[in-house]
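Source file: start26.cif. Holds: mmCIF, C-alpha atoms.
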```cif
data_model
loop_
_atom_site.label_atom_id
_atom_site.label_comp_id
_atom_site.auth_asym_id
_atom_site.auth_seq_id
_atom_site.Cartn_x
_atom_site.Cartn_y
_atom_site.Cartn_z
CA MET A 275 0.00 0.00 0.00
CA GLY A 276 1.38 3.40 -0.99
CA ASP A 277 1.76 6.45 1.17
CA ALA A 278 -1.73 7.75 2.03
CA SER A 279 -0.59 10.77 4.03
CA SER A 280 -1.48 13.20 1.22
CA LEU A 281 -4.96 11.73 0.95
CA ILE A 282 -5.46 11.94 4.70
CA ARG A 283 -4.36 15.57 4.75
CA ALA A 284 -6.68 16.40 1.83
CA VAL A 285 -9.66 14.64 3.41
CA THR A 286 -9.00 16.33 6.76
CA HIS A 287 -8.73 19.74 5.09
CA PHE A 288 -11.91 19.10 3.12
CA SER A 289 -13.80 18.06 6.26
CA HIS A 290 -12.62 21.13 8.16
CA LEU A 291 -13.60 23.55 5.38
CA ALA A 292 -16.97 21.87 4.84
CA ALA A 293 -17.79 21.99 8.55
CA ASP A 294 -16.65 25.62 8.75
CA THR A 295 -18.87 26.55 5.81
CA ILE A 296 -21.90 24.79 7.26
CA VAL A 297 -21.50 26.26 10.75
CA ASN A 298 -20.94 29.83 9.55
CA GLY A 299 -23.73 29.53 7.00
CA SER A 300 -26.18 28.38 9.67
CA ALA A 301 -25.10 31.21 11.98
CA THR A 302 -25.58 33.74 9.19
CA ALA A 303 -29.07 32.40 8.55
CA HIS A 304 -30.10 33.48 12.07
CA MET A 305 -29.39 37.13 11.18
CA ALA A 306 -30.63 37.08 7.58
CA PRO A 307 -34.11 38.02 6.30
CA THR A 308 -36.65 35.22 6.38
CA ASP A 309 -36.47 34.31 2.69
CA HIS A 310 -32.68 34.24 2.57
CA ALA A 311 -32.52 32.48 5.94
CA ASP A 312 -34.70 29.59 4.78
CA ARG A 313 -32.78 29.17 1.53
CA LEU A 314 -29.42 29.40 3.28
CA THR A 315 -30.42 26.84 5.91
CA GLU A 316 -31.62 24.36 3.30
CA THR A 317 -28.49 24.86 1.21
CA CYS A 318 -26.26 24.26 4.25
CA ARG A 319 -28.16 21.05 4.98
CA GLY A 320 -27.67 19.98 1.38
CA CYS A 321 -23.96 20.75 1.63
CA ALA A 322 -23.68 18.63 4.78
CA ALA A 323 -25.52 15.72 3.17
CA GLN A 324 -23.41 15.83 0.01
CA SER A 325 -20.18 16.10 2.00
CA LEU A 326 -21.07 13.07 4.13
CA LYS A 327 -22.03 11.11 1.04
CA PHE A 328 -18.70 11.96 -0.61
CA LEU A 329 -16.73 10.92 2.49
CA GLN A 330 -18.66 7.65 2.76
CA GLU A 331 -17.88 6.88 -0.88
CA LEU A 332 -14.19 7.48 -0.18
CA LYS A 333 -14.34 5.16 2.82
CA ALA A 334 -15.51 2.02 0.99
CA LYS A 335 -13.47 0.29 -1.70
CA ALA A 336 -16.58 -0.61 -3.68
CA THR A 337 -17.59 3.03 -4.11
CA LEU A 338 -14.14 4.62 -4.17
CA GLN A 339 -14.02 4.89 -7.95
CA GLN A 340 -17.38 6.66 -8.17
CA ALA A 341 -16.65 9.21 -5.44
CA ASP A 342 -17.34 12.62 -7.00
CA PRO A 343 -17.22 15.97 -5.13
CA SER A 344 -19.10 17.85 -7.89
CA ALA A 345 -22.41 17.78 -5.99
CA THR A 346 -20.70 19.25 -2.94
CA ARG A 347 -19.08 21.89 -5.13
CA ILE A 348 -22.49 22.92 -6.49
CA THR A 349 -23.99 23.40 -3.02
CA VAL A 350 -20.96 25.42 -1.90
CA GLN A 351 -21.39 27.68 -4.93
CA GLN A 352 -25.05 28.15 -3.99
CA ILE A 353 -24.02 29.16 -0.47
CA LEU A 354 -21.52 31.61 -1.94
CA GLN A 355 -24.21 33.12 -4.17
CA LEU A 356 -26.55 33.62 -1.21
CA ALA A 357 -23.71 35.19 0.76
CA GLN A 358 -23.11 37.66 -2.07
CA GLU A 359 -26.79 38.64 -1.98
CA LEU A 360 -26.57 39.28 1.76
CA ARG A 361 -23.52 41.52 1.53
CA PRO A 362 -24.20 45.22 2.31
CA LYS A 363 -24.52 47.10 -0.95
CA GLY A 364 -22.32 49.93 0.27
CA SER A 365 -19.31 47.63 0.49
CA ASP A 366 -19.26 47.33 -3.30
CA ILE A 367 -18.06 50.94 -3.56
CA ARG A 368 -14.32 51.24 -3.80
CA GLN A 369 -12.66 53.60 -1.37
CA GLU A 370 -11.23 55.84 -4.09
CA GLU A 371 -14.73 56.35 -5.52
CA LEU A 372 -16.22 57.74 -2.30
CA GLY A 373 -14.97 61.28 -2.86
CA ASP A 374 -16.46 61.45 -6.34
CA LEU A 375 -19.67 59.86 -5.12
CA VAL A 376 -20.20 62.54 -2.46
CA ASP A 377 -19.96 65.32 -5.03
CA LYS A 378 -22.23 63.43 -7.43
CA GLU A 379 -24.89 62.83 -4.79
CA MET A 380 -24.89 66.44 -3.61
CA ALA A 381 -25.15 67.61 -7.23
CA ALA A 382 -27.96 65.12 -7.86
CA THR A 383 -29.80 66.39 -4.78
CA SER A 384 -29.52 69.99 -5.96
CA ALA A 385 -30.76 68.96 -9.40
CA ALA A 386 -33.71 67.09 -7.86
CA ILE A 387 -34.68 70.17 -5.85
CA GLU A 388 -34.46 72.43 -8.89
CA GLU A 389 -36.60 70.00 -10.86
CA ALA A 390 -39.09 69.94 -7.98
CA VAL A 391 -39.37 73.75 -8.03
CA ARG A 392 -39.94 73.69 -11.79
CA ARG A 393 -42.67 71.07 -11.49
CA ILE A 394 -44.37 73.02 -8.71
CA ASP A 395 -44.42 76.10 -10.94
CA ASP A 396 -46.03 74.04 -13.70
CA MET A 397 -48.63 72.74 -11.26
CA MET A 398 -49.34 76.29 -10.11
CA ASN A 399 -49.96 77.46 -13.67
CA ARG A 400 -52.18 74.47 -14.36
CA ALA A 401 -54.16 75.04 -11.16
CA ARG A 402 -54.76 78.70 -12.03
CA LYS A 403 -55.99 77.65 -15.44
CA ASP A 404 -58.25 74.75 -14.44
CA THR A 405 -59.59 75.68 -10.99
CA THR A 406 -61.36 78.60 -9.37
CA GLY A 407 -62.73 79.69 -6.03
CA VAL A 408 -61.88 77.85 -2.84
CA LYS A 409 -60.19 75.02 -4.70
CA LEU A 410 -57.79 77.44 -6.39
CA GLU A 411 -57.10 79.18 -3.09
CA VAL A 412 -56.26 75.89 -1.38
CA ASN A 413 -54.02 74.71 -4.22
CA GLU A 414 -52.13 78.00 -4.39
CA ARG A 415 -51.52 78.06 -0.66
CA ILE A 416 -50.23 74.47 -0.59
CA LEU A 417 -48.02 74.89 -3.66
CA ASN A 418 -46.59 78.18 -2.38
CA CYS A 419 -45.63 76.46 0.87
CA CYS A 420 -44.07 73.59 -1.08
CA THR A 421 -42.04 76.07 -3.13
CA ASP A 422 -40.80 77.79 0.02
CA LEU A 423 -39.83 74.40 1.43
CA MET A 424 -37.87 73.49 -1.70
CA LYS A 425 -36.01 76.80 -1.56
CA ALA A 426 -35.16 76.21 2.11
CA ILE A 427 -33.86 72.72 1.30
CA HIS A 428 -31.76 74.15 -1.52
CA MET A 429 -30.15 76.61 0.90
CA LEU A 430 -29.57 73.75 3.33
CA VAL A 431 -27.75 71.71 0.68
CA ILE A 432 -25.57 74.71 -0.19
CA ALA A 433 -24.73 75.28 3.49
CA SER A 434 -23.94 71.59 3.94
CA THR A 435 -21.66 71.60 0.90
CA ASP A 436 -19.79 74.66 2.17
CA LEU A 437 -19.32 73.07 5.59
CA GLN A 438 -18.04 69.84 4.03
CA LYS A 439 -15.45 71.76 2.02
CA GLU A 440 -14.31 73.52 5.19
CA ILE A 441 -14.04 70.20 7.03
CA VAL A 442 -12.05 68.59 4.23
CA GLU A 443 -9.68 71.52 3.83
CA GLY A 444 -9.07 71.70 7.56
CA GLY A 445 -8.57 67.99 8.15
CA ARG A 446 -6.96 66.50 5.09
CA GLY A 447 -3.48 67.95 5.66
CA ALA A 448 -1.19 66.80 2.88
CA ALA A 449 -3.67 64.20 1.65
CA SER A 450 -5.94 64.75 -1.32
CA VAL A 451 -9.69 65.27 -1.06
CA LYS A 452 -10.39 61.72 -2.24
CA GLU A 453 -7.94 60.31 0.28
CA PHE A 454 -9.64 62.25 3.08
CA TYR A 455 -13.06 60.89 2.10
CA ALA A 456 -11.63 57.37 1.81
CA ARG A 457 -9.90 57.62 5.19
CA ASN A 458 -13.18 58.73 6.78
CA SER A 459 -15.36 56.29 4.87
CA ARG A 460 -18.05 55.92 7.54
CA TRP A 461 -18.59 59.67 7.69
CA THR A 462 -18.57 59.84 3.89
CA GLU A 463 -21.14 57.07 3.56
CA GLY A 464 -23.34 58.91 6.07
CA LEU A 465 -23.22 62.03 3.89
CA ILE A 466 -24.10 60.01 0.80
CA SER A 467 -27.04 58.30 2.51
CA ALA A 468 -28.39 61.58 3.91
CA SER A 469 -28.07 63.34 0.57
CA LYS A 470 -29.97 60.56 -1.17
CA ALA A 471 -32.72 60.76 1.45
CA VAL A 472 -33.13 64.52 0.93
CA GLY A 473 -33.37 64.18 -2.85
CA TRP A 474 -35.83 61.31 -2.58
CA GLY A 475 -37.97 63.25 -0.11
CA ALA A 476 -38.15 66.27 -2.40
CA THR A 477 -39.24 64.10 -5.32
CA GLN A 478 -41.91 62.36 -3.26
CA LEU A 479 -43.24 65.69 -1.98
CA VAL A 480 -43.75 66.93 -5.53
CA GLU A 481 -45.48 63.69 -6.52
CA SER A 482 -47.84 63.95 -3.56
CA ALA A 483 -48.55 67.64 -4.21
CA ASP A 484 -49.36 66.86 -7.83
CA LYS A 485 -51.84 64.18 -6.76
CA VAL A 486 -53.47 66.52 -4.24
CA VAL A 487 -53.91 69.26 -6.85
CA LEU A 488 -55.43 66.76 -9.27
CA HIS A 489 -57.58 65.28 -6.46
CA THR A 490 -56.17 61.81 -7.11
CA GLY A 491 -54.16 61.63 -3.89
CA LYS A 492 -54.59 62.12 -0.19
CA TYR A 493 -53.70 65.12 1.91
CA GLU A 494 -52.14 62.77 4.45
CA GLU A 495 -49.52 61.72 1.88
CA LEU A 496 -48.35 65.32 1.61
CA ILE A 497 -48.13 65.59 5.40
CA VAL A 498 -46.09 62.38 5.65
CA CYS A 499 -43.73 63.60 2.93
CA SER A 500 -43.17 66.82 4.89
CA HIS A 501 -42.28 64.77 7.95
CA GLU A 502 -39.87 62.66 5.91
CA ILE A 503 -38.16 65.75 4.52
CA ALA A 504 -37.72 67.17 8.01
CA ALA A 505 -36.20 63.88 9.18
CA SER A 506 -33.89 63.52 6.16
CA THR A 507 -32.62 67.09 6.44
CA ALA A 508 -31.93 66.49 10.14
CA GLN A 509 -29.96 63.41 9.09
CA LEU A 510 -27.96 65.52 6.62
CA VAL A 511 -27.20 68.12 9.29
CA ALA A 512 -26.13 65.45 11.77
CA ALA A 513 -23.87 63.80 9.20
CA SER A 514 -22.35 67.13 8.13
CA LYS A 515 -21.56 68.45 11.60
CA VAL A 516 -19.84 65.32 12.96
CA LYS A 517 -16.38 66.58 12.08
CA ALA A 518 -17.15 70.31 12.12
CA ASP A 519 -15.64 72.85 14.49
CA ARG A 520 -18.29 74.01 16.94
CA SER A 521 -17.26 77.64 16.48
CA SER A 522 -17.47 77.45 12.69
CA GLN A 523 -19.62 80.12 11.08
CA LYS A 524 -20.57 77.72 8.33
CA LEU A 525 -21.86 75.29 10.94
CA LEU A 526 -24.04 78.06 12.36
CA ALA A 527 -25.30 78.80 8.85
CA LEU A 528 -26.14 75.12 8.39
CA GLN A 529 -28.05 75.00 11.67
CA GLN A 530 -30.00 78.12 10.72
CA ALA A 531 -30.83 76.58 7.34
CA SER A 532 -32.05 73.46 9.14
CA ARG A 533 -34.36 75.53 11.32
CA ASN A 534 -35.74 77.22 8.21
CA VAL A 535 -36.45 73.83 6.64
CA ASN A 536 -38.31 72.69 9.74
CA GLU A 537 -40.36 75.89 9.74
CA MET A 538 -41.24 75.57 6.06
CA ALA A 539 -42.15 71.89 6.50
CA ALA A 540 -44.44 72.86 9.36
CA ASN A 541 -46.06 75.45 7.09
CA VAL A 542 -46.72 72.77 4.48
CA VAL A 543 -48.38 70.61 7.11
CA ALA A 544 -50.48 73.50 8.41
CA SER A 545 -51.59 74.65 4.96
CA THR A 546 -52.42 71.07 3.98
CA LYS A 547 -54.57 70.52 7.04
CA THR A 548 -56.33 73.86 6.54
CA GLY A 549 -57.00 73.07 2.90
CA GLN A 550 -58.29 69.64 3.79
CA GLU A 551 -60.76 71.16 6.23
CA GLN A 552 -61.93 73.64 3.61
CA MET A 553 -62.38 71.06 0.87
CA GLU A 554 -64.03 68.32 2.85
CA GLU A 555 -67.74 68.57 3.34
CA LYS A 556 -68.74 68.20 6.94
CA ASP A 557 -72.02 66.40 7.34
CA THR A 558 -74.14 67.80 10.11
CA MET A 559 -75.11 65.20 12.65
CA ASP A 560 -78.84 65.43 13.11
CA PHE A 561 -80.30 62.59 15.14
CA SER A 562 -83.47 64.37 16.15
CA GLY A 563 -85.62 62.20 13.90
CA LEU A 564 -84.43 58.87 15.29
CA SER A 565 -86.38 56.81 17.75
CA LEU A 566 -84.88 55.32 20.89
CA ILE A 567 -84.38 51.91 19.26
CA LYS A 568 -82.70 53.39 16.17
CA LEU A 569 -80.47 55.56 18.32
CA LYS A 570 -79.44 52.47 20.27
CA ARG A 571 -78.62 50.61 17.05
CA GLU A 572 -76.61 53.54 15.68
CA GLU A 573 -74.76 53.81 18.98
CA MET A 574 -73.77 50.14 18.92
CA GLU A 575 -72.62 50.34 15.30
CA SER A 576 -70.55 53.40 16.13
CA GLN A 577 -68.91 51.61 19.06
CA VAL A 578 -68.07 48.63 16.85
CA LYS A 579 -66.49 50.92 14.26
CA VAL A 580 -64.47 52.74 16.93
CA LEU A 581 -63.10 49.45 18.26
CA GLU A 582 -62.25 48.26 14.75
CA LEU A 583 -60.41 51.49 13.96
CA GLU A 584 -58.51 51.38 17.26
CA THR A 585 -57.41 47.81 16.58
CA GLN A 586 -56.34 48.75 13.07
CA LEU A 587 -54.48 51.79 14.40
CA GLU A 588 -52.52 49.76 16.95
CA SER A 589 -51.67 47.18 14.30
CA GLU A 590 -50.38 49.86 11.93
CA ARG A 591 -48.31 51.43 14.71
CA MET A 592 -46.66 48.09 15.41
CA ARG A 593 -46.01 47.62 11.69
CA LEU A 594 -44.53 51.12 11.46
CA GLY A 595 -42.24 50.37 14.39
CA GLU A 596 -40.96 47.18 12.77
CA LEU A 597 -40.42 48.98 9.47
CA ARG A 598 -38.39 51.68 11.21
CA LYS A 599 -36.31 49.07 13.03
CA GLN A 600 -35.50 47.40 9.71
CA HIS A 601 -34.76 50.80 8.16
CA TYR A 602 -32.30 51.66 10.92
CA ALA A 603 -30.74 48.20 10.70
CA LEU A 604 -30.14 48.58 6.95
CA ALA A 605 -28.86 52.14 7.41
CA GLY A 606 -26.45 51.02 10.13
CA VAL A 607 -28.01 53.15 12.88
CA PRO A 608 -27.55 51.60 16.36
CA LEU A 609 -30.83 50.97 18.13
CA ASP A 610 -29.63 52.85 21.22
CA GLN A 611 -29.73 56.04 19.14
CA VAL A 612 -33.42 55.60 18.46
CA ALA A 613 -35.73 57.34 20.90
CA ALA A 614 -37.84 54.79 22.69
CA GLY A 615 -41.40 54.61 21.57
CA ASN A 616 -41.39 56.97 18.60
CA GLY A 617 -38.87 55.58 16.12
CA PHE A 618 -37.01 58.86 15.54
CA ILE A 619 -33.25 59.08 15.68
CA ASN A 620 -32.24 60.35 19.09
CA THR A 621 -29.70 63.02 18.17
CA PRO A 622 -29.37 66.41 19.88
CA ASN A 623 -30.44 68.37 16.81
CA THR A 624 -33.16 66.09 15.53
CA PRO A 625 -36.40 68.07 15.45
CA PRO A 626 -39.45 66.57 17.06
CA PRO A 627 -42.11 65.21 14.76
CA LEU A 628 -44.15 67.97 13.18
CA SER A 629 -47.40 66.41 14.30
CA PRO A 630 -46.87 64.42 17.50
CA LYS A 631 -48.98 61.41 18.12
CA PRO A 632 -52.17 62.68 19.69
CA ALA A 633 -53.60 61.00 22.71
CA LYS A 634 -56.49 58.76 21.89
CA PRO A 635 -59.74 60.35 22.98
CA ALA A 636 -61.60 58.41 25.58
CA ILE A 637 -64.69 56.66 24.36
CA MET A 638 -67.71 58.25 25.89
CA LYS A 639 -69.68 55.93 28.05
CA LYS A 640 -73.12 55.21 26.81
CA PRO A 641 -75.82 57.03 28.71
CA ALA A 642 -77.95 55.10 31.10
CA LEU A 643 -81.28 54.02 29.77
CA GLY A 644 -84.24 55.92 31.00
CA GLN A 645 -85.65 54.22 34.09
CA LYS A 646 -89.29 53.65 34.59
CA PRO A 647 -90.51 56.23 37.09
CA THR A 648 -91.52 54.95 40.48
CA VAL A 649 -95.23 55.49 40.99
CA PRO A 650 -96.51 55.29 44.55
CA PRO A 651 -99.24 52.73 45.13
CA LYS A 652 -102.70 54.02 44.68
CA THR A 653 -104.43 54.56 47.99
CA THR A 654 -108.07 53.66 48.17
CA PHE A 655 -110.19 56.00 50.26
CA ARG A 656 -113.41 54.88 51.66
#
```
This entry written out as structure tokens:
Amino acid sequence: MGDASSLIRAVTHFSHLAADTIVNGSATAHMAPTDHADRLTETCRGCAAQSLKFLQELKAKATLQQADPSATRITVQQILQLAQELRPKGSDIRQEELGDLVDKEMAATSAAIEEAVRRIDDMMNRARKDTTGVKLEVNERILNCCTDLMKAIHMLVIASTDLQKEIVEGGRGAASVKEFYARNSRWTEGLISASKAVGWGATQLVESADKVVLHTGKYEELIVCSHEIAASTAQLVAASKVKADRSSQKLLALQQASRNVNEMAANVVASTKTGQEQMEEKDTMDFSGLSLIKLKREEMESQVKVLELETQLESERMRLGELRKQHYALAGVPLDQVAAGNGFINTPNTPPPLSPKPAKPAIMKKPALGQKPTVPPKTTFR
């Protein structure tokens, strides 16, 4: 019998690598999304089964000639493909590209804001042409507030860009701008993410405003977009000021621009709510013609509807909380930075929500039914 030491070393190495792949793959499945986790778990099981089958074929002389590791190789390639899908997308960006990407994203954000202003002007002209009266007044007020908000965001982006240039020039030393961005990659990626969020928020605001003017959308969508813009601009300010000097005049200008954005976003919310109240027809509640039985039936139906809406509201709040957790997880925000109970990032300069969650009104207790009056017994006089 020849020297089998090479075979033993190869089999041992194969067993170690296969076990390492299976263990790490199973551990990764615990932190992966449900779909990827199920596929990764099944693929790891398949890899284990194929590896054991291959080793058993090597063990017996009768099956030694037909031992083939190709099935194991296929399952390992499937695990590798799933691992590539689970990699964070930001890691695909090369370090030397970060500097260029920051400038591109800031330029794209400015372009998105300018396009938003142009579209709002077009909507204003169309509204003046197609609508009159109260409807025109509401549309003009909302669109004017949206225009003011876009201008405030544009000034914020300019202030953020100026502050970034000051930070880079003061901290790069002998290094180039690209090298500074690459050396501070986490800060750079935060700027890129915040800039994308601002541009996306501006685009969504215009889309919602267009739908409101055409009466194909909801006023609530415009309010939510205003909240998102306030949050994304706060994210941009927080990302920009991380490395800034506290006494910097450009930092003060950025903070002032942020306050202006919050004020303009609040104006959009206020004008939207006012317009909604003006446009919606309020039905007068006249129950004077109902009998006691019909009133009782209406009361019970109203209570059922209130309970259904409360259940639906609580369910949506839980869903919103889970969505925000996943959002922060994908964005790389630690959960300890999230304010408990509201889902907003807990930073010193993060503005409070523009419309805080109102307390649920207490359900009025149903009135007691009218009692039969007590009539004294009739006294018979003789």
Name the residues that the PyMOL selection byres ((chain A and resi 534) around 12) picks from the file above, as a PyMOL selection string, using the file's chain letters and numbers.
chain A and resi 422-430+504+507-508+527-533+535-541+625
Give the answer as one residue: which of A:Gln478, A:Ala301, A:His489, A:Val543 has the shortest atom-to-atom distance to Cys419 of chain A, using all atoms listed in the file?
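Between A:Gln478, A:Ala301, A:His489, A:Val543, the residue approaching Cys419 of chain A most closely is A:Val543.
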For the point (-45.9, 70.0, -14.1) in the file's frame, write as a CSV table (one decimal) with C-alpha atoms, keeping the file's coordinate frame all residues with an atom no more than 12 Å away, counting all atoms listed in the file.
```
chain,number,residue,atom,x,y,z
A,389,GLU,CA,-36.6,70.0,-10.9
A,390,ALA,CA,-39.1,69.9,-8.0
A,391,VAL,CA,-39.4,73.8,-8.0
A,392,ARG,CA,-39.9,73.7,-11.8
A,393,ARG,CA,-42.7,71.1,-11.5
A,394,ILE,CA,-44.4,73.0,-8.7
A,395,ASP,CA,-44.4,76.1,-10.9
A,396,ASP,CA,-46.0,74.0,-13.7
A,397,MET,CA,-48.6,72.7,-11.3
A,398,MET,CA,-49.3,76.3,-10.1
A,399,ASN,CA,-50.0,77.5,-13.7
A,400,ARG,CA,-52.2,74.5,-14.4
A,401,ALA,CA,-54.2,75.0,-11.2
A,417,LEU,CA,-48.0,74.9,-3.7
A,480,VAL,CA,-43.8,66.9,-5.5
A,481,GLU,CA,-45.5,63.7,-6.5
A,483,ALA,CA,-48.6,67.6,-4.2
A,484,ASP,CA,-49.4,66.9,-7.8
A,485,LYS,CA,-51.8,64.2,-6.8
A,487,VAL,CA,-53.9,69.3,-6.8
A,488,LEU,CA,-55.4,66.8,-9.3
```
Report, in Å with one decimal, the straight-line distance from atom CA of Cys499 of chain A to atom CA of Gly475 of chain A.
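For atom CA of Cys499 of chain A relative to atom CA of Gly475 of chain A, the distance reads 6.5 Å.
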Can you list, as a CSV table (one decimal) with C-alpha atoms, in the frame of the given file, every protein, DNA or RNA residue that comes within 10 Å of Glu411 of chain A when you count only C-alpha atoms, leaving out same-chain residues fewer than 5 positions away?
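Writing the result to result-v5.csv gives the following:
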```csv
chain,number,residue,atom,x,y,z
A,401,ALA,CA,-54.2,75.0,-11.2
A,402,ARG,CA,-54.8,78.7,-12.0
A,405,THR,CA,-59.6,75.7,-11.0
A,406,THR,CA,-61.4,78.6,-9.4
A,416,ILE,CA,-50.2,74.5,-0.6
A,549,GLY,CA,-57.0,73.1,2.9
A,552,GLN,CA,-61.9,73.6,3.6
```
